[in-house]
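Visitor: Here you go, run-v6.txt (compact mmCIF, C-alpha atoms):
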```txt
# COMPACT_ATOMS: atom_id res chain seq x y z
CA MET J 1 136.23 59.86 71.67
CA LYS J 2 139.21 61.91 72.81
CA THR J 3 140.89 62.02 69.42
CA MET J 4 137.73 63.29 67.83
CA THR J 5 137.22 66.95 67.12
CA LEU J 6 134.23 68.94 68.21
CA HIS J 7 133.33 69.20 64.58
CA ASP J 8 133.08 65.42 64.42
CA ILE J 9 130.71 65.43 67.37
CA GLU J 10 128.57 68.10 65.68
CA ARG J 11 128.45 65.97 62.54
CA LEU J 12 127.53 62.85 64.50
CA SER J 13 124.83 64.71 66.39
CA ALA J 14 123.29 66.10 63.19
CA PHE J 15 123.60 62.67 61.53
CA LEU J 16 121.66 61.19 64.43
CA ASP J 17 118.78 63.59 63.74
CA GLY J 18 118.94 63.07 59.98
CA GLN J 19 120.08 66.66 59.53
CA LEU J 20 123.27 66.07 57.51
CA PRO J 21 123.35 66.97 53.81
CA GLN J 22 123.43 63.90 51.60
CA ALA J 23 127.10 64.25 50.56
CA GLU J 24 128.30 64.64 54.15
CA LYS J 25 126.07 61.81 55.27
CA THR J 26 127.58 59.37 52.76
CA ARG J 27 131.10 60.40 53.77
CA LEU J 28 130.35 59.94 57.46
CA GLU J 29 128.72 56.56 56.89
CA SER J 30 131.83 55.22 55.19
CA ARG J 31 134.01 56.65 57.99
CA LEU J 32 131.79 54.99 60.60
CA LYS J 33 132.38 51.61 58.96
CA SER J 34 136.13 51.92 59.20
CA ASP J 35 136.41 53.82 62.50
CA PRO J 36 135.09 51.88 65.52
CA GLU J 37 135.83 54.80 67.84
CA LEU J 38 133.61 57.06 65.78
CA ALA J 39 130.90 54.40 65.75
CA ALA J 40 131.13 54.05 69.55
CA ALA J 41 130.80 57.82 69.94
CA LEU J 42 127.71 57.81 67.77
CA ASP J 43 126.26 55.04 69.89
CA GLU J 44 126.86 56.97 73.09
CA LEU J 45 125.26 60.08 71.68
CA ARG J 46 122.29 58.01 70.58
CA GLN J 47 121.99 56.54 74.05
CA THR J 48 122.17 59.96 75.65
CA ARG J 49 119.43 61.21 73.37
CA ALA J 50 117.30 58.17 74.19
CA ILE J 51 117.68 58.76 77.93
CA LEU J 52 116.71 62.42 77.52
CA ARG J 53 113.68 61.41 75.51
CA ARG J 54 112.56 59.31 78.44
CA THR J 55 112.54 62.27 80.83
CA PRO J 56 109.32 61.85 82.80
CA LYS J 57 106.71 64.52 82.26
CA ARG J 58 105.40 66.10 85.40
CA ARG J 59 101.74 66.59 85.99
CA LEU J 60 100.64 70.20 85.96
CA PRO J 61 100.30 71.80 89.40
CA ARG J 62 97.27 73.72 88.05
CA ASN J 63 95.69 75.00 84.87
CA PHE J 64 97.24 78.08 83.32
CA THR J 65 94.13 79.46 81.64
CA LEU J 66 93.72 83.22 81.91
CA THR J 67 90.88 84.99 83.68
CA PRO J 68 89.51 88.21 82.15
CA LYS J 69 91.10 90.10 85.03
CA MET J 70 94.53 88.57 84.36
CA ALA J 71 94.22 89.28 80.67
CA GLY J 72 93.48 92.89 81.57
CA LEU J 73 90.19 92.85 79.72
CA ARG J 74 88.08 95.90 80.47
CA PRO J 75 84.61 96.68 79.26
CA PRO J 76 84.81 98.40 75.90
CA VAL J 77 84.27 102.16 75.85
CA PRO J 78 80.53 102.72 75.49
CA ARG J 79 79.59 103.24 71.88
CA LEU J 80 75.86 103.46 72.61
CA VAL J 81 75.69 107.19 72.09
CA PRO J 82 78.53 108.15 69.76
CA ALA J 83 78.29 111.74 70.92
CA PHE J 84 79.76 110.70 74.26
CA SER J 85 83.06 109.92 72.67
CA TRP J 86 83.29 113.70 72.21
CA ALA J 87 82.13 114.39 75.77
CA SER J 88 85.56 115.47 76.99
CA VAL J 89 85.97 117.84 74.05
CA VAL J 90 82.57 119.38 74.68
CA ALA J 91 83.35 119.65 78.39
CA MET J 92 86.65 121.39 77.62
CA LEU J 93 84.95 123.86 75.27
CA LEU J 94 82.34 124.62 77.91
CA PHE J 95 85.07 125.16 80.45
CA ILE J 96 86.94 127.56 78.18
CA CYS J 97 83.73 129.44 77.43
CA THR J 98 82.91 129.80 81.11
CA LEU J 99 86.43 130.85 81.96
CA GLY J 100 86.56 133.30 79.07
CA THR J 101 83.26 134.94 79.96
CA ASN J 102 84.35 135.23 83.58
CA LEU J 103 87.68 136.80 82.74
CA LEU J 104 86.17 139.22 80.22
CA GLY J 105 83.65 140.38 82.80
CA ARG J 106 86.41 141.00 85.30
CA PHE J 107 88.56 142.97 82.85
CA SER J 108 85.74 145.35 81.84
CA PHE J 109 85.29 146.34 85.50
CA GLY J 110 88.97 146.46 86.29
CA ALA J 111 90.08 148.55 83.28
CA ALA J 112 88.03 151.56 84.25
CA ALA J 113 89.03 151.66 87.87
CA PRO J 114 92.75 152.51 87.60
CA MET J 115 92.05 155.28 85.12
CA MET J 116 89.53 156.92 87.46
CA ALA J 117 91.94 156.66 90.30
CA ALA J 118 94.77 158.19 88.34
CA GLU J 119 93.01 161.03 86.55
CA PRO J 120 92.16 163.20 89.56
CA MET J 121 95.87 163.49 90.41
CA GLY J 122 97.06 164.50 86.98
CA VAL J 123 94.26 166.20 85.09
CA GLY J 124 91.74 167.25 87.70
CA GLY J 125 94.22 169.21 89.89
CA GLY J 126 91.68 172.00 90.62
CA PRO J 127 89.05 174.25 89.03
CA ALA J 128 91.69 176.76 87.82
CA ASP J 129 93.38 174.16 85.74
CA GLU J 130 90.12 173.09 84.21
CA GLY J 131 90.41 175.03 80.96
CA LEU J 132 94.02 174.16 80.49
CA ALA J 133 93.31 170.59 81.23
CA ALA J 134 90.54 170.56 78.67
CA THR J 135 92.75 171.99 75.92
CA GLU J 136 95.59 169.75 76.86
CA SER J 137 93.32 166.81 76.74
CA ALA J 138 91.99 167.88 73.36
CA VAL J 139 95.49 168.29 71.96
CA ASP J 140 96.70 165.09 73.45
CA SER J 141 93.65 163.11 72.45
CA ALA J 142 95.60 161.26 69.84
CA TYR J 143 98.19 160.25 72.44
CA ALA J 144 95.48 159.43 74.95
CA ASP J 145 93.86 157.17 72.44
CA LEU J 146 97.03 155.18 72.37
CA THR J 147 97.43 154.85 76.11
CA ALA J 148 93.88 154.34 77.29
CA THR J 149 90.64 153.05 75.88
CA PRO J 150 88.47 155.85 74.52
CA GLU J 151 85.76 154.76 76.87
CA ALA J 152 87.94 155.31 79.91
CA TYR J 153 89.08 158.65 78.58
CA VAL J 154 85.55 159.94 78.07
CA GLN J 155 84.61 158.74 81.51
CA ALA J 156 87.62 160.41 83.07
CA VAL J 157 87.11 163.94 81.81
CA PRO J 158 83.64 164.57 83.26
CA GLU J 159 84.84 163.07 86.53
CA ALA J 160 87.57 165.66 86.69
CA THR J 161 85.09 168.51 86.53
CA LEU J 162 83.37 167.35 89.72
CA ALA J 163 84.04 169.12 93.05
CA PRO J 164 87.62 168.28 93.93
CA ASP J 165 86.97 168.46 97.71
CA THR J 166 84.87 165.39 97.80
CA ARG J 167 87.30 163.56 95.61
CA LEU J 168 90.22 164.33 97.91
CA VAL J 169 88.48 162.95 100.96
CA GLN J 170 87.41 159.87 99.17
CA PRO J 171 89.97 157.12 98.85
CA PRO J 172 90.75 156.31 95.23
CA ASP J 173 89.33 152.80 95.45
CA THR J 174 85.73 153.97 95.84
CA ALA J 175 85.31 153.12 92.21
CA GLN J 176 85.20 149.48 93.19
CA GLU J 177 82.09 150.05 95.21
CA LYS J 178 80.10 150.64 92.06
CA PRO J 179 77.05 148.36 91.88
CA ARG J 180 77.95 145.10 90.17
CA GLN J 181 76.16 143.89 87.13
CA PRO J 182 73.56 141.17 87.80
CA LEU J 183 74.95 137.64 87.17
CA ASN J 184 74.70 136.59 83.55
CA PRO J 185 72.25 133.66 83.35
CA TRP J 186 74.40 132.16 80.59
CA LEU J 187 77.22 131.70 83.10
CA LEU J 188 74.96 129.38 85.08
CA LEU J 189 73.83 127.52 82.00
CA TRP J 190 77.28 126.32 80.93
CA PRO J 191 78.34 124.55 84.16
CA GLY J 192 74.83 123.16 84.43
CA LEU J 193 75.07 121.69 80.96
CA ALA J 194 78.53 120.30 81.70
CA ALA J 195 77.32 118.65 84.90
CA LEU J 196 74.38 117.12 83.07
CA LEU J 197 76.67 115.74 80.37
CA LEU J 198 79.04 114.27 82.97
CA ALA J 199 76.18 112.58 84.81
CA ALA J 200 74.88 111.08 81.56
CA ALA J 201 78.35 109.83 80.60
CA LEU J 202 78.86 108.25 84.03
CA PHE J 203 75.49 106.55 83.83
CA VAL J 204 76.22 105.03 80.40
CA ARG J 205 79.63 103.84 81.61
CA TRP J 206 78.17 102.24 84.72
CA ARG J 207 75.48 100.48 82.70
CA ASN J 208 78.08 99.25 80.24
CA GLN J 209 80.28 97.89 83.01
CA ARG J 210 77.35 95.99 84.53
CA MET J 211 76.45 94.45 81.21
CA PHE J 212 80.09 93.41 80.67
CA LYS J 213 80.28 91.78 84.10
CA LYS J 214 77.07 89.87 83.42
CA ARG J 215 78.42 88.66 80.08
CA ILE J 216 81.70 87.50 81.66
CA SER J 217 80.03 85.64 84.51
CA ARG J 218 77.73 83.89 82.05
CA LYS J 219 80.80 82.49 80.31
CA MET B 1 90.96 71.38 67.52
CA ASP B 2 91.03 73.82 64.64
CA GLU B 3 94.16 75.65 65.73
CA PRO B 4 94.29 78.37 63.05
CA ALA B 5 90.63 79.27 63.72
CA LEU B 6 91.23 79.41 67.48
CA ILE B 7 94.28 81.62 66.95
CA ARG B 8 92.29 83.97 64.73
CA GLU B 9 89.51 84.23 67.29
CA ALA B 10 92.00 84.76 70.10
CA GLN B 11 93.67 87.47 68.06
CA ARG B 12 90.32 89.25 67.97
CA GLY B 13 90.37 89.22 71.77
CA ASP B 14 88.34 86.05 72.40
CA LEU B 15 89.73 84.84 75.71
CA GLU B 16 87.79 81.58 75.59
CA ALA B 17 89.47 80.64 72.31
CA PHE B 18 92.86 81.53 73.73
CA ASN B 19 92.22 79.42 76.83
CA ARG B 20 91.57 76.41 74.63
CA LEU B 21 95.02 76.92 73.16
CA VAL B 22 96.38 77.23 76.70
CA LEU B 23 94.90 73.85 77.62
CA ALA B 24 96.48 72.30 74.54
CA TYR B 25 99.98 73.69 75.17
CA GLN B 26 100.26 74.15 78.92
CA GLU B 27 101.94 70.79 79.48
CA LEU B 28 104.61 71.51 76.90
CA LEU B 29 105.28 74.99 78.26
CA PHE B 30 105.30 73.96 81.91
CA ASN B 31 107.61 70.97 81.36
CA THR B 32 109.95 73.06 79.24
CA ALA B 33 110.14 75.71 81.95
CA LEU B 34 110.59 73.04 84.59
CA ARG B 35 113.62 71.52 82.84
CA VAL B 36 115.20 74.89 82.11
CA LEU B 37 114.62 76.30 85.60
CA GLY B 38 114.76 73.08 87.62
CA ASP B 39 112.12 74.34 90.05
CA GLU B 40 108.40 73.63 89.96
CA ASP B 41 107.20 76.91 91.48
CA LEU B 42 109.42 79.03 89.27
CA ALA B 43 108.34 76.96 86.27
CA ALA B 44 104.67 77.55 87.10
CA ASP B 45 105.29 81.30 87.37
CA ALA B 46 107.19 81.34 84.09
CA THR B 47 104.43 79.35 82.36
CA GLN B 48 101.73 81.71 83.56
CA GLU B 49 103.81 84.70 82.57
CA ALA B 50 104.43 83.17 79.15
CA PHE B 51 100.71 82.67 78.44
CA LEU B 52 99.96 86.19 79.61
CA SER B 53 102.57 87.76 77.37
CA ALA B 54 101.50 85.47 74.52
CA PHE B 55 97.93 86.73 74.83
CA ARG B 56 99.10 90.33 74.83
CA ALA B 57 101.45 89.82 71.88
CA LEU B 58 99.15 87.53 69.93
CA ASN B 59 98.84 89.96 67.06
CA SER B 60 102.57 89.73 66.44
CA TYR B 61 102.12 86.05 65.53
CA ARG B 62 102.23 85.87 61.75
CA GLY B 63 101.76 82.22 60.90
CA GLY B 64 104.27 79.38 61.04
CA SER B 65 104.59 76.95 63.92
CA PHE B 66 102.43 78.23 66.75
CA LYS B 67 104.13 75.70 69.02
CA ALA B 68 107.51 77.31 68.32
CA TRP B 69 106.06 80.80 68.78
CA LEU B 70 104.56 79.86 72.16
CA THR B 71 107.75 78.07 73.19
CA ARG B 72 109.63 81.27 72.52
CA THR B 73 107.45 83.12 75.05
CA VAL B 74 108.16 80.54 77.74
CA ILE B 75 111.90 80.57 76.99
CA ASN B 76 111.87 84.36 77.36
CA ALA B 77 110.00 84.05 80.66
CA CYS B 78 112.56 81.48 81.85
CA TYR B 79 115.48 83.73 80.93
CA ASP B 80 113.80 86.60 82.82
CA GLU B 81 113.45 84.29 85.81
CA LEU B 82 117.10 83.18 85.57
CA ARG B 83 118.25 86.81 85.42
CA ARG B 84 116.14 87.63 88.48
CA LYS B 85 117.58 84.64 90.29
CA LYS B 86 121.10 85.79 89.46
CA ARG B 87 120.40 89.30 90.76
CA ARG B 88 118.76 88.15 93.99
CA PRO B 89 119.89 84.67 94.96
CA THR B 90 117.38 83.24 97.42
CA THR B 91 117.77 80.57 100.06
CA PRO B 92 115.12 77.91 99.65
CA LEU B 93 112.99 77.15 102.68
CA GLU B 94 113.15 73.45 101.98
CA PRO B 95 116.34 71.52 101.32
CA GLU B 96 117.32 71.63 97.67
CA THR B 97 117.44 68.60 95.44
CA GLY B 98 120.55 66.68 96.09
CA ASN B 99 119.41 64.68 99.07
CA GLY B 100 116.65 63.35 96.84
CA GLU B 101 114.11 63.32 99.65
CA GLU B 102 111.41 65.27 97.89
CA MET B 103 111.44 62.73 95.11
CA GLU B 104 109.65 60.35 97.44
CA SER B 105 106.52 62.32 96.76
CA PRO B 106 104.81 60.60 93.84
CA ARG B 107 102.16 63.28 93.22
CA TRP B 108 103.81 64.60 90.08
CA LEU B 109 105.12 61.39 88.66
CA ALA B 110 104.32 60.85 85.04
CA ASP B 111 102.67 57.51 85.19
CA PRO B 112 100.47 56.82 88.24
CA SER B 113 99.65 53.37 86.94
CA ALA B 114 103.32 52.32 87.09
CA SER B 115 104.47 49.96 89.82
CA PRO B 116 106.29 51.45 92.86
CA GLU B 117 109.61 50.17 91.47
CA GLU B 118 109.00 51.77 88.14
CA GLN B 119 107.96 54.99 89.83
CA LEU B 120 111.16 55.02 91.84
CA ASP B 121 113.16 54.39 88.69
CA GLN B 122 111.43 57.27 87.00
CA ALA B 123 112.08 59.55 89.95
CA GLU B 124 115.76 58.63 89.97
CA LEU B 125 116.01 59.04 86.25
CA GLU B 126 114.40 62.47 86.46
CA HIS B 127 116.73 63.46 89.25
CA ALA B 128 119.79 62.36 87.29
CA ILE B 129 118.71 64.19 84.14
CA GLN B 130 117.84 67.40 85.99
CA HIS B 131 121.12 67.28 87.88
CA CYS B 132 123.06 67.05 84.61
CA LEU B 133 120.92 69.69 82.89
CA ASP B 134 121.51 72.12 85.73
CA ALA B 135 125.26 71.85 85.13
CA LEU B 136 124.86 73.14 81.56
CA PRO B 137 125.04 76.78 80.47
CA ALA B 138 121.51 78.14 79.92
CA ASP B 139 121.86 78.40 76.12
CA PHE B 140 122.92 74.76 75.76
CA LYS B 141 120.31 73.58 78.21
CA THR B 142 117.48 75.33 76.39
CA VAL B 143 118.38 73.77 73.06
CA VAL B 144 118.73 70.23 74.40
CA VAL B 145 115.49 70.53 76.40
CA LEU B 146 113.57 71.65 73.33
CA ALA B 147 115.10 69.18 70.89
CA ASP B 148 115.56 66.02 72.94
CA ILE B 149 113.08 66.32 75.80
CA GLN B 150 110.23 68.14 74.08
CA GLY B 151 110.91 66.68 70.63
CA LEU B 152 110.87 69.93 68.63
CA ASP B 153 112.60 69.78 65.25
CA TYR B 154 115.65 71.93 64.44
CA THR B 155 113.62 74.61 62.67
CA GLU B 156 111.20 74.92 65.57
CA VAL B 157 114.05 75.12 68.07
CA ALA B 158 115.76 77.81 65.97
CA ARG B 159 112.52 79.78 65.90
CA ALA B 160 111.91 79.36 69.60
CA VAL B 161 115.42 80.38 70.62
CA HIS B 162 115.84 82.88 67.81
CA VAL B 163 119.29 81.79 66.69
CA PRO B 164 120.44 80.40 63.31
CA LEU B 165 120.09 76.72 62.52
CA GLY B 166 123.87 76.21 62.50
CA THR B 167 124.11 77.48 66.07
CA ILE B 168 121.35 75.10 67.11
CA LYS B 169 123.26 72.12 65.63
CA SER B 170 126.45 73.15 67.38
CA ARG B 171 124.82 73.84 70.76
CA LEU B 172 122.87 70.60 70.65
CA ALA B 173 126.00 68.56 69.92
CA ARG B 174 127.93 70.17 72.74
CA ALA B 175 125.04 69.79 75.16
CA ARG B 176 124.68 66.09 74.28
CA LEU B 177 128.42 65.57 74.73
CA ARG B 178 128.39 67.13 78.19
CA LEU B 179 125.24 65.29 79.20
CA ARG B 180 126.74 62.00 78.04
CA GLU B 181 129.70 62.54 80.37
CA CYS B 182 127.50 63.61 83.26
CA LEU B 183 125.02 60.75 82.86
CA GLN B 184 127.88 58.25 82.77
CA ALA B 185 128.31 58.92 86.48
CA PHE B 186 124.81 57.58 87.05
CA ARG B 187 125.40 54.41 85.10
CA GLU B 188 126.25 52.46 88.25
CA LEU B 189 123.58 54.20 90.29
CA LEU B 190 120.88 53.66 87.74
CA PRO B 191 121.65 50.47 85.91
CA ALA B 192 117.97 50.01 85.13
CA MET B 193 117.65 52.99 82.84
CA PHE B 194 120.71 52.01 80.85
CA ARG B 195 119.65 48.41 80.71
CA LEU B 196 116.24 49.41 79.52
CA GLN B 197 117.81 51.55 76.86
CA GLU B 198 120.04 48.74 75.65
CA GLU B 199 117.15 46.31 75.54
CA ARG B 200 115.14 48.66 73.36
CA GLY B 201 118.04 48.81 70.98
CA THR B 202 119.31 51.76 69.06
```
Reformat the file's structure so that it appears as structure tokens.

Guide:
Amino acid sequence: MKTMTLHDIERLSAFLDGQLPQAEKTRLESRLKSDPELAAALDELRQTRAILRRTPKRRLPRNFTLTPKMAGLRPPVPRLVPAFSWASVVAMLLFICTLGTNLLGRFSFGAAAPMMAAEPMGVGGGPADEGLAATESAVDSAYADLTATPEAYVQAVPEATLAPDTRLVQPPDTAQEKPRQPLNPWLLLWPGLAALLLAAALFVRWRNQRMFKKRISRK
Amino acid sequence: MDEPALIREAQRGDLEAFNRLVLAYQELLFNTALRVLGDEDLAADATQEAFLSAFRALNSYRGGSFKAWLTRTVINACYDELRRKKRRPTTPLEPETGNGEEMESPRWLADPSASPEEQLDQAELEHAIQHCLDALPADFKTVVVLADIQGLDYTEVARAVHVPLGTIKSRLARARLRLRECLQAFRELLPAMFRLQEERGT
């Protein structure tokens, strides 16, 4: 076998499996007749293949079937109430609404306060300046419109005409002590609705999971 | 067994249908893994892993030999295992094959109805073959295991290993050549298997 090339071995091996094209097969068959070394090599390959084919099969140590857990099967997303597939979207919208209403409420209180605190220093300096202040404010109304909300401006001017003594004693943050507006009932409604939706979604999911488990154990 | 129907059902997520396919092919996959890895525990892990990944990737099966497609998953699992073994070589708790002691245990022998002598012959034959297979590079070993031990045809082997047919022919020839030389060493040790072979004729 030593004088044979690797290509010869490949040919013999393919010949053994009936995988040689007809032309090559005929050529090899005639060579095999005249070359005993080649014929012996073929015989040895055939014997090797026969031994390999007799490799004992081992019995399985266990079955390899998959359990639902292994296969990663989870109960399908509940499709009982199609609306629940939008539950997260609805919840998000409710959240944004609640947040928005909260923030808006806070800004409407907060915007007035700094203006009231600032005006007494600049405009309401004293009773003597009152007239001047009024004209100035009239002239500058266009400018004031740009810098402050008209609402704040209107609120600020009458404030300035009040007795300055009391204003000076009072700390500027008294404005915050103004009575708060009663809580908007709508603000309570949104989280309530969201909580209700969440509870319903959880219930449907739990029911679905139980049904899935029952179905699996039946199998 | 209506294999195409079972495959279709399994592709729709029917685990019961898939498990029927598992029962049909588990012996092939386990024995393939066993010969490639040479270790029963590793082979069992690779087989389980192969069926798991087959179930997950079942929708990528687009017809053709399902046997070859499944074999490919177990070959991939074996190669993963071999790579892991290379990265973290472990010391076995029990003595490795080589002293041949564990072969005394007949629990896994193929034919329980065989006589004790025949069983011993089979055990020795298996030991000799595994010893020679282990000396082969993984690519050669895989091809010879699939073609000669599991009896897959060239096209199926090419599909399972994902290399061209020409490469399969070449690898198989080289593997057989090396195995022939290795098994020669057992000729004196195991005269029975060679005698048997000669009696059966070629």

Visitor: Which residue out of B:Tyr61, B:Phe51, B:Tyr154, B:Phe140 has the minimum interatomic distance to Ala24 in chain B when only C-alpha atoms are used?

Guide: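 Smallest distance to Ala24 in chain B is found for B:Phe51.
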
Visitor: Could you tell me which of J:Ala91, J:Pro21, J:Phe64, J:Arg46 comes closest to Leu197 in chain J if we count all atoms listed in the file?

Guide: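 Between J:Ala91, J:Pro21, J:Phe64, J:Arg46, the residue approaching Leu197 in chain J most closely is J:Ala91.
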
Visitor: Counting only C-alpha atoms, what is within 9 Å of range 42-46 of chain B, bar same-chain residues fewer than 5 positions away, as a PyMOL selection string?

Guide: (chain J and resi 60-62+64) or (chain B and resi 29-37+51+74-78+80-81)

Visitor: With a distance cut-off of 12 Å and all atoms listed in the file, select the neighbouring residues of Cys132 in chain B, excluding the residue or stretch itself and same-chain residues fewer than 4 positions from it, and output the selection as a VMD selection string.

Guide: (chain J and resid 48 51 to 52) or (chain B and resid 35 to 36 38 98 125 to 128 136 to 137 140 to 141 144 to 145 175 to 186)

Visitor: Please write the residues from the selection above to a file, keeping C-alpha atoms, as a short mmCIF file (atom, residue, chain, number, x, y, z; two decimals), keeping the file's coordinate frame.

Guide:
```
data_model
loop_
_atom_site.label_atom_id
_atom_site.label_comp_id
_atom_site.auth_asym_id
_atom_site.auth_seq_id
_atom_site.Cartn_x
_atom_site.Cartn_y
_atom_site.Cartn_z
CA THR J 48 122.17 59.96 75.65
CA ILE J 51 117.68 58.76 77.93
CA LEU J 52 116.71 62.42 77.52
CA ARG B 35 113.62 71.52 82.84
CA VAL B 36 115.20 74.89 82.11
CA GLY B 38 114.76 73.08 87.62
CA GLY B 98 120.55 66.68 96.09
CA LEU B 125 116.01 59.04 86.25
CA GLU B 126 114.40 62.47 86.46
CA HIS B 127 116.73 63.46 89.25
CA ALA B 128 119.79 62.36 87.29
CA LEU B 136 124.86 73.14 81.56
CA PRO B 137 125.04 76.78 80.47
CA PHE B 140 122.92 74.76 75.76
CA LYS B 141 120.31 73.58 78.21
CA VAL B 144 118.73 70.23 74.40
CA VAL B 145 115.49 70.53 76.40
CA ALA B 175 125.04 69.79 75.16
CA ARG B 176 124.68 66.09 74.28
CA LEU B 177 128.42 65.57 74.73
CA ARG B 178 128.39 67.13 78.19
CA LEU B 179 125.24 65.29 79.20
CA ARG B 180 126.74 62.00 78.04
CA GLU B 181 129.70 62.54 80.37
CA CYS B 182 127.50 63.61 83.26
CA LEU B 183 125.02 60.75 82.86
CA GLN B 184 127.88 58.25 82.77
CA ALA B 185 128.31 58.92 86.48
CA PHE B 186 124.81 57.58 87.05
#
```

Visitor: Determine the nearest neighbour of chain J from the options B:Leu6, B:Leu133, B:Leu82, B:Leu52, counting all atoms listed in the file.

Guide: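 Comparing B:Leu6, B:Leu133, B:Leu82, B:Leu52 against chain J, the winner is B:Leu52.
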
Visitor: If the cut-off is 10 Å, can you tell me the residues of chain J near chain B, counting all atoms listed in the file? I'd like them as a PyMOL selection string.

Guide: chain J and resi 6-14+17+19+41+43-68+70-73+219

Visitor: Could those residues be written to a file, using C-alpha atoms, as a compact mmCIF listing (two decimals), in the frame of the given file?

Guide:
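Listing of again-v4.txt after writing:
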```txt
# COMPACT_ATOMS: atom_id res chain seq x y z
CA LEU J 6 134.23 68.94 68.21
CA HIS J 7 133.33 69.20 64.58
CA ASP J 8 133.08 65.42 64.42
CA ILE J 9 130.71 65.43 67.37
CA GLU J 10 128.57 68.10 65.68
CA ARG J 11 128.45 65.97 62.54
CA LEU J 12 127.53 62.85 64.50
CA SER J 13 124.83 64.71 66.39
CA ALA J 14 123.29 66.10 63.19
CA ASP J 17 118.78 63.59 63.74
CA GLN J 19 120.08 66.66 59.53
CA ALA J 41 130.80 57.82 69.94
CA ASP J 43 126.26 55.04 69.89
CA GLU J 44 126.86 56.97 73.09
CA LEU J 45 125.26 60.08 71.68
CA ARG J 46 122.29 58.01 70.58
CA GLN J 47 121.99 56.54 74.05
CA THR J 48 122.17 59.96 75.65
CA ARG J 49 119.43 61.21 73.37
CA ALA J 50 117.30 58.17 74.19
CA ILE J 51 117.68 58.76 77.93
CA LEU J 52 116.71 62.42 77.52
CA ARG J 53 113.68 61.41 75.51
CA ARG J 54 112.56 59.31 78.44
CA THR J 55 112.54 62.27 80.83
CA PRO J 56 109.32 61.85 82.80
CA LYS J 57 106.71 64.52 82.26
CA ARG J 58 105.40 66.10 85.40
CA ARG J 59 101.74 66.59 85.99
CA LEU J 60 100.64 70.20 85.96
CA PRO J 61 100.30 71.80 89.40
CA ARG J 62 97.27 73.72 88.05
CA ASN J 63 95.69 75.00 84.87
CA PHE J 64 97.24 78.08 83.32
CA THR J 65 94.13 79.46 81.64
CA LEU J 66 93.72 83.22 81.91
CA THR J 67 90.88 84.99 83.68
CA PRO J 68 89.51 88.21 82.15
CA MET J 70 94.53 88.57 84.36
CA ALA J 71 94.22 89.28 80.67
CA GLY J 72 93.48 92.89 81.57
CA LEU J 73 90.19 92.85 79.72
CA LYS J 219 80.80 82.49 80.31
```

Visitor: Please determine an axis-aligned box that encloses all atoms of range 93-101 of chain J listed in the file, with 8 Å added on each side, and express its centre and edge lengths in Å to one decimal as lines of an AutoDock Vina configuration file.

Guide:
```
center_x = 84.6
center_y = 129.4
center_z = 78.6
size_x = 20.6
size_y = 27.1
size_z = 22.7
```

Visitor: Work out how far CA of Arg27 in chain J is from CA of Thr155 in chain B, in Å to one decimal.

Guide: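 Taking CA of Thr155 in chain B and CA of Arg27 in chain J, their separation equals 24.2 Å.
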
Visitor: Between CA of Ile168 in chain B and CA of Leu28 in chain J, what distance in Å does the model show, to one decimal?

Guide: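 Atom-to-atom, CA of Ile168 in chain B to CA of Leu28 in chain J, that is 20.1 Å.
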